[in-house]
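File shown: protein_12.txt (compact mmCIF, N, CA and C atoms).
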# COMPACT_ATOMS: atom_id res chain seq x y z
N PHE B 3 112.49 116.98 97.94
CA PHE B 3 111.93 118.18 98.53
C PHE B 3 112.13 118.16 100.04
N ARG B 4 112.32 119.33 100.59
CA ARG B 4 112.32 119.44 102.04
C ARG B 4 110.88 119.36 102.50
N ALA B 5 110.65 118.73 103.63
CA ALA B 5 109.28 118.58 104.14
C ALA B 5 108.72 119.94 104.53
N PRO B 6 107.52 120.28 104.05
CA PRO B 6 106.93 121.56 104.42
C PRO B 6 106.48 121.55 105.87
N GLY B 7 106.53 122.72 106.49
CA GLY B 7 106.09 122.84 107.88
C GLY B 7 104.58 122.93 107.97
N PRO B 8 104.03 123.05 109.18
CA PRO B 8 102.58 123.09 109.36
C PRO B 8 101.92 124.29 108.69
N GLU B 9 102.69 125.36 108.43
CA GLU B 9 102.11 126.52 107.77
C GLU B 9 101.77 126.24 106.31
N HIS B 10 102.22 125.09 105.79
CA HIS B 10 101.97 124.72 104.41
C HIS B 10 100.92 123.62 104.30
N ALA B 11 100.06 123.50 105.29
CA ALA B 11 99.11 122.40 105.36
C ALA B 11 98.13 122.40 104.20
N TYR B 12 97.93 123.52 103.54
CA TYR B 12 96.98 123.56 102.44
C TYR B 12 97.61 123.21 101.10
N MET B 13 98.86 122.76 101.10
CA MET B 13 99.51 122.35 99.86
C MET B 13 99.27 120.87 99.61
N SER B 14 99.08 120.48 98.37
CA SER B 14 99.00 119.07 98.03
C SER B 14 100.38 118.59 97.65
N GLY B 15 100.52 117.31 97.49
CA GLY B 15 101.82 116.72 97.21
C GLY B 15 102.25 116.84 95.76
N GLN B 16 103.38 116.20 95.47
CA GLN B 16 103.98 116.23 94.14
C GLN B 16 103.38 115.11 93.30
N GLY B 17 103.58 115.14 91.99
CA GLY B 17 103.07 114.11 91.10
C GLY B 17 101.96 114.66 90.23
N ASN B 18 101.02 113.82 89.87
CA ASN B 18 99.91 114.24 89.04
C ASN B 18 98.60 113.96 89.77
N PRO B 19 98.36 114.65 90.88
CA PRO B 19 97.17 114.38 91.69
C PRO B 19 95.89 114.94 91.08
N GLN B 20 94.78 114.50 91.60
CA GLN B 20 93.50 115.06 91.21
C GLN B 20 93.41 116.49 91.76
N PRO B 21 92.81 117.42 91.03
CA PRO B 21 92.68 118.77 91.56
C PRO B 21 91.72 118.82 92.74
N GLU B 22 92.02 119.66 93.70
CA GLU B 22 91.15 119.88 94.85
C GLU B 22 89.99 120.76 94.40
N ALA B 23 88.77 120.37 94.69
CA ALA B 23 87.58 121.06 94.19
C ALA B 23 87.46 122.49 94.68
N ASP B 24 87.91 122.79 95.90
CA ASP B 24 87.71 124.11 96.49
C ASP B 24 88.99 124.94 96.52
N GLN B 25 90.00 124.53 95.76
CA GLN B 25 91.28 125.23 95.80
C GLN B 25 91.74 125.60 94.40
N VAL B 26 92.73 126.50 94.35
CA VAL B 26 93.39 126.84 93.10
C VAL B 26 94.54 125.86 92.96
N ASN B 27 94.49 125.04 91.95
CA ASN B 27 95.47 123.98 91.72
C ASN B 27 96.42 124.42 90.62
N ILE B 28 97.70 124.49 90.94
CA ILE B 28 98.67 125.06 90.01
C ILE B 28 99.75 124.04 89.67
N ARG B 29 100.02 123.91 88.38
CA ARG B 29 101.17 123.15 87.91
C ARG B 29 102.22 124.19 87.57
N PHE B 30 103.30 124.22 88.32
CA PHE B 30 104.38 125.17 88.11
C PHE B 30 105.41 124.56 87.16
N LEU B 31 105.78 125.29 86.13
CA LEU B 31 106.82 124.87 85.19
C LEU B 31 108.04 125.75 85.36
N VAL B 32 109.20 125.12 85.48
CA VAL B 32 110.47 125.83 85.59
C VAL B 32 111.20 125.63 84.26
N PRO B 33 111.88 126.65 83.72
CA PRO B 33 112.46 126.55 82.38
C PRO B 33 113.34 125.34 82.10
N ASP B 34 113.97 124.75 83.10
CA ASP B 34 114.85 123.61 82.83
C ASP B 34 114.10 122.28 82.68
N GLY B 35 112.76 122.34 82.59
CA GLY B 35 111.96 121.14 82.39
C GLY B 35 111.39 120.56 83.67
N PHE B 36 111.77 121.09 84.79
CA PHE B 36 111.29 120.67 86.09
C PHE B 36 109.88 121.22 86.30
N SER B 37 108.97 120.40 86.85
CA SER B 37 107.63 120.89 87.15
C SER B 37 107.12 120.25 88.44
N PHE B 38 106.15 120.89 89.07
CA PHE B 38 105.54 120.34 90.27
C PHE B 38 104.15 120.92 90.44
N HIS B 39 103.34 120.26 91.25
CA HIS B 39 101.94 120.64 91.48
C HIS B 39 101.75 121.07 92.92
N ARG B 40 100.92 122.07 93.12
CA ARG B 40 100.53 122.52 94.45
C ARG B 40 99.10 123.03 94.39
N SER B 41 98.40 122.92 95.52
CA SER B 41 97.04 123.45 95.63
C SER B 41 97.02 124.47 96.76
N PHE B 42 96.29 125.57 96.52
CA PHE B 42 96.24 126.69 97.47
C PHE B 42 94.81 127.14 97.67
N LEU B 43 94.55 127.76 98.79
CA LEU B 43 93.27 128.40 99.01
C LEU B 43 93.16 129.58 98.04
N PRO B 44 91.98 129.88 97.52
CA PRO B 44 91.83 131.01 96.58
C PRO B 44 92.24 132.35 97.17
N SER B 45 92.20 132.48 98.48
CA SER B 45 92.56 133.75 99.14
C SER B 45 94.06 133.88 99.41
N THR B 46 94.86 132.96 98.91
CA THR B 46 96.31 133.01 99.10
C THR B 46 96.91 134.07 98.18
N SER B 47 97.78 134.91 98.74
CA SER B 47 98.44 135.94 97.92
C SER B 47 99.61 135.33 97.16
N LEU B 48 100.01 135.99 96.07
CA LEU B 48 101.18 135.54 95.32
C LEU B 48 102.44 135.62 96.18
N ALA B 49 102.52 136.58 97.08
CA ALA B 49 103.66 136.67 97.99
C ALA B 49 103.73 135.41 98.86
N GLU B 50 102.59 134.94 99.34
CA GLU B 50 102.56 133.71 100.14
C GLU B 50 102.94 132.50 99.29
N VAL B 51 102.45 132.45 98.06
CA VAL B 51 102.80 131.35 97.16
C VAL B 51 104.31 131.31 96.95
N LYS B 52 104.91 132.47 96.69
CA LYS B 52 106.35 132.54 96.47
C LYS B 52 107.14 132.12 97.71
N ALA B 53 106.67 132.50 98.90
CA ALA B 53 107.34 132.09 100.13
C ALA B 53 107.27 130.57 100.32
N ILE B 54 106.12 129.99 99.99
CA ILE B 54 105.96 128.54 100.09
C ILE B 54 106.87 127.84 99.08
N LEU B 55 106.91 128.35 97.86
CA LEU B 55 107.80 127.76 96.86
C LEU B 55 109.26 127.83 97.29
N ALA B 56 109.68 128.99 97.80
CA ALA B 56 111.07 129.15 98.22
C ALA B 56 111.42 128.19 99.36
N SER B 57 110.49 127.96 100.28
CA SER B 57 110.78 127.11 101.43
C SER B 57 110.72 125.62 101.11
N SER B 58 110.09 125.26 99.99
CA SER B 58 109.98 123.83 99.65
C SER B 58 110.70 123.50 98.34
N TRP B 59 111.64 124.34 97.94
CA TRP B 59 112.36 124.16 96.68
C TRP B 59 113.23 122.91 96.76
N PRO B 60 113.32 122.11 95.70
CA PRO B 60 114.13 120.89 95.73
C PRO B 60 115.62 121.21 95.89
N ASP B 61 116.28 120.40 96.69
CA ASP B 61 117.71 120.60 96.95
C ASP B 61 118.57 120.43 95.71
N SER B 62 118.07 119.70 94.71
CA SER B 62 118.85 119.43 93.51
C SER B 62 118.87 120.60 92.53
N LYS B 63 118.11 121.64 92.79
CA LYS B 63 118.03 122.82 91.91
C LYS B 63 118.65 124.02 92.62
N PRO B 64 119.11 125.04 91.85
CA PRO B 64 119.58 126.27 92.50
C PRO B 64 118.46 126.84 93.38
N ILE B 65 118.74 126.99 94.65
CA ILE B 65 117.71 127.33 95.62
C ILE B 65 117.55 128.85 95.75
N PRO B 66 116.33 129.35 95.55
CA PRO B 66 116.09 130.78 95.81
C PRO B 66 116.11 131.00 97.31
N THR B 67 116.94 131.93 97.77
CA THR B 67 117.06 132.16 99.20
C THR B 67 115.98 133.09 99.75
N THR B 68 115.33 133.83 98.86
CA THR B 68 114.23 134.70 99.28
C THR B 68 113.10 134.59 98.25
N PRO B 69 111.86 134.84 98.66
CA PRO B 69 110.76 134.85 97.71
C PRO B 69 110.92 135.88 96.60
N ASN B 70 111.67 136.97 96.86
CA ASN B 70 111.87 138.01 95.84
C ASN B 70 112.65 137.50 94.63
N MET B 71 113.31 136.37 94.78
CA MET B 71 114.07 135.79 93.68
C MET B 71 113.17 135.02 92.71
N ILE B 72 111.90 134.83 93.08
CA ILE B 72 110.96 134.06 92.28
C ILE B 72 109.99 134.99 91.57
N ARG B 73 109.79 134.73 90.28
CA ARG B 73 108.75 135.42 89.51
C ARG B 73 107.78 134.36 89.03
N ILE B 74 106.48 134.64 89.16
CA ILE B 74 105.45 133.74 88.68
C ILE B 74 104.78 134.40 87.49
N ILE B 75 104.72 133.67 86.38
CA ILE B 75 104.19 134.21 85.12
C ILE B 75 102.95 133.40 84.73
N HIS B 76 101.88 134.13 84.41
CA HIS B 76 100.64 133.48 84.00
C HIS B 76 99.98 134.32 82.92
N SER B 77 99.55 133.69 81.86
CA SER B 77 98.92 134.37 80.71
C SER B 77 99.81 135.49 80.16
N GLY B 78 101.12 135.24 80.15
CA GLY B 78 102.05 136.18 79.56
C GLY B 78 102.44 137.36 80.43
N ALA B 79 102.01 137.38 81.68
CA ALA B 79 102.31 138.52 82.55
C ALA B 79 102.95 138.04 83.85
N VAL B 80 103.91 138.83 84.36
CA VAL B 80 104.48 138.57 85.68
C VAL B 80 103.43 139.00 86.70
N LEU B 81 103.07 138.08 87.58
CA LEU B 81 102.01 138.37 88.55
C LEU B 81 102.56 139.15 89.73
N ASP B 82 101.83 140.16 90.16
CA ASP B 82 102.21 141.02 91.27
C ASP B 82 102.03 140.28 92.59
N ASP B 83 102.95 140.48 93.52
CA ASP B 83 102.90 139.82 94.83
C ASP B 83 101.63 140.14 95.61
N ASN B 84 101.03 141.29 95.37
CA ASN B 84 99.84 141.69 96.13
C ASN B 84 98.55 141.04 95.64
N LEU B 85 98.59 140.41 94.47
CA LEU B 85 97.39 139.74 93.96
C LEU B 85 97.06 138.50 94.78
N LEU B 86 95.78 138.22 94.91
CA LEU B 86 95.33 136.95 95.47
C LEU B 86 95.10 136.00 94.30
N LEU B 87 95.20 134.71 94.56
CA LEU B 87 95.00 133.75 93.47
C LEU B 87 93.62 133.87 92.84
N ASN B 88 92.61 134.24 93.64
CA ASN B 88 91.27 134.39 93.06
C ASN B 88 91.15 135.67 92.23
N GLN B 89 92.20 136.48 92.16
CA GLN B 89 92.22 137.67 91.31
C GLN B 89 92.98 137.42 90.01
N THR B 90 93.51 136.21 89.85
CA THR B 90 94.19 135.84 88.61
C THR B 90 93.19 135.08 87.75
N ARG B 91 93.62 134.62 86.60
CA ARG B 91 92.75 133.85 85.73
C ARG B 91 92.74 132.36 86.08
N ALA B 92 93.34 132.01 87.20
CA ALA B 92 93.35 130.62 87.65
C ALA B 92 91.94 130.21 88.07
N THR B 93 91.55 129.00 87.70
CA THR B 93 90.20 128.52 87.97
C THR B 93 90.20 127.59 89.18
N VAL B 94 89.30 127.83 90.11
CA VAL B 94 89.17 126.97 91.28
C VAL B 94 88.67 125.60 90.82
N GLY B 95 89.30 124.55 91.34
CA GLY B 95 88.87 123.19 91.05
C GLY B 95 89.46 122.57 89.81
N GLN B 96 90.29 123.31 89.07
CA GLN B 96 90.94 122.79 87.87
C GLN B 96 92.43 123.10 87.93
N TRP B 97 93.22 122.40 87.12
CA TRP B 97 94.65 122.69 87.06
C TRP B 97 94.90 123.91 86.18
N THR B 98 95.76 124.79 86.67
CA THR B 98 96.21 125.97 85.95
C THR B 98 97.73 125.88 85.86
N THR B 99 98.29 126.16 84.70
CA THR B 99 99.74 126.13 84.53
C THR B 99 100.30 127.53 84.67
N MET B 100 101.35 127.65 85.49
CA MET B 100 102.06 128.92 85.66
C MET B 100 103.55 128.65 85.52
N LEU B 101 104.26 129.61 84.96
CA LEU B 101 105.71 129.49 84.81
C LEU B 101 106.39 130.11 86.02
N VAL B 102 107.53 129.53 86.40
CA VAL B 102 108.31 130.06 87.51
C VAL B 102 109.69 130.42 86.97
N SER B 103 110.10 131.64 87.22
CA SER B 103 111.42 132.11 86.84
C SER B 103 112.17 132.44 88.13
N VAL B 104 113.39 131.95 88.24
CA VAL B 104 114.20 132.21 89.44
C VAL B 104 115.38 133.08 89.04
N ARG B 105 115.48 134.22 89.70
CA ARG B 105 116.62 135.12 89.51
C ARG B 105 117.57 134.84 90.66
N LEU B 106 118.73 134.29 90.36
CA LEU B 106 119.65 133.91 91.43
C LEU B 106 120.31 135.10 92.09
N ASP B 107 120.37 136.25 91.42
CA ASP B 107 120.88 137.46 92.04
C ASP B 107 120.00 138.63 91.62
N PRO B 108 118.87 138.84 92.33
CA PRO B 108 117.92 139.88 91.90
C PRO B 108 118.49 141.29 91.92
N ALA B 109 119.55 141.53 92.68
CA ALA B 109 120.12 142.88 92.74
C ALA B 109 120.81 143.27 91.44
N THR B 110 121.26 142.27 90.67
CA THR B 110 122.01 142.59 89.45
C THR B 110 121.14 142.57 88.20
N GLU B 111 119.93 142.09 88.32
CA GLU B 111 119.05 142.01 87.14
C GLU B 111 117.93 143.05 87.26
N PRO B 112 117.93 144.05 86.38
CA PRO B 112 116.88 145.07 86.45
C PRO B 112 115.53 144.47 86.09
N ARG B 113 114.50 144.95 86.75
CA ARG B 113 113.14 144.50 86.47
C ARG B 113 112.60 145.27 85.26
N LYS B 114 111.99 144.54 84.35
CA LYS B 114 111.44 145.16 83.15
C LYS B 114 109.93 145.19 83.27
N ASP B 115 109.40 146.31 83.69
CA ASP B 115 107.96 146.48 83.79
C ASP B 115 107.41 147.00 82.48
N LYS B 116 106.21 146.53 82.14
CA LYS B 116 105.57 147.00 80.91
C LYS B 116 104.73 148.21 81.18
Could you render the structure as structure tokens?
Amino acid sequence: FRAPGPEHAYMSGQGNPQPEADQVNIRFLVPDGFSFHRSFLPSTSLAEVKAILASSWPDSKPIPTTPNMIRIIHSGAVLDDNLLLNQTRATVGQWTTMLVSVRLDPATEPRKDK
């Protein structure tokens, strides 16, 4: 991973850490079997989460160049960028699993809204 800058100070490290009691702790799963853990303040927007993910993406994987290339899926729904984590079903102080989908060329893939 590239080292996160100071703007990412509220993120926890990689591995299987203990959940932070006052944060939304997320285990992100990527379809190729890759996964990682991060902790965020409950007031963090999904747009901010996606920007953090894009900036700290592992060099060994196809790198999303913009946050718009990332989709976060939870409870069967693609989460809207305007949502705050405390507006999702994620529980503060416990691990929540979310799926991450990366569109390498978002201009060529139409969005399928329900």
**OP:** Excluding range 41-52 of chain B and residues on its chain fewer than 6 positions from it, collect all residues at most 7 Å away from it, counting all atoms listed in the file, and give them as a PyMOL selection string.
**Re:** chain B and resi 12-15+22+24-28+68-70+72+81-89
Original post:
Please, which residues of range 20-111 of chain B, numbered as in this document, come out strand (DSSP E) from DSSP, as a VMD selection string?
Top reply: chain B and resid 26 to 31 37 to 42 72 to 76 79 to 80 97 to 104
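Nearest to Pro64 in chain B of all the residues B:Val80, B:Val104, B:Leu31, B:Ala23 is B:Val104, counting only C-alpha atoms.
Taking atom N of Pro33 in chain B and CA of Thr93 in chain B as the two end points, the separation is 22.2 Å.
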**OP:** Work out how far apart atom N of Ile54 in chain B and atom N of Gly35 in chain B are and give it in Å to one decimal.
**Re:** 20.1 Å
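Straight-line separation from CA of Arg105 in chain B to atom N of Arg73 in chain B: 6.9 Å.
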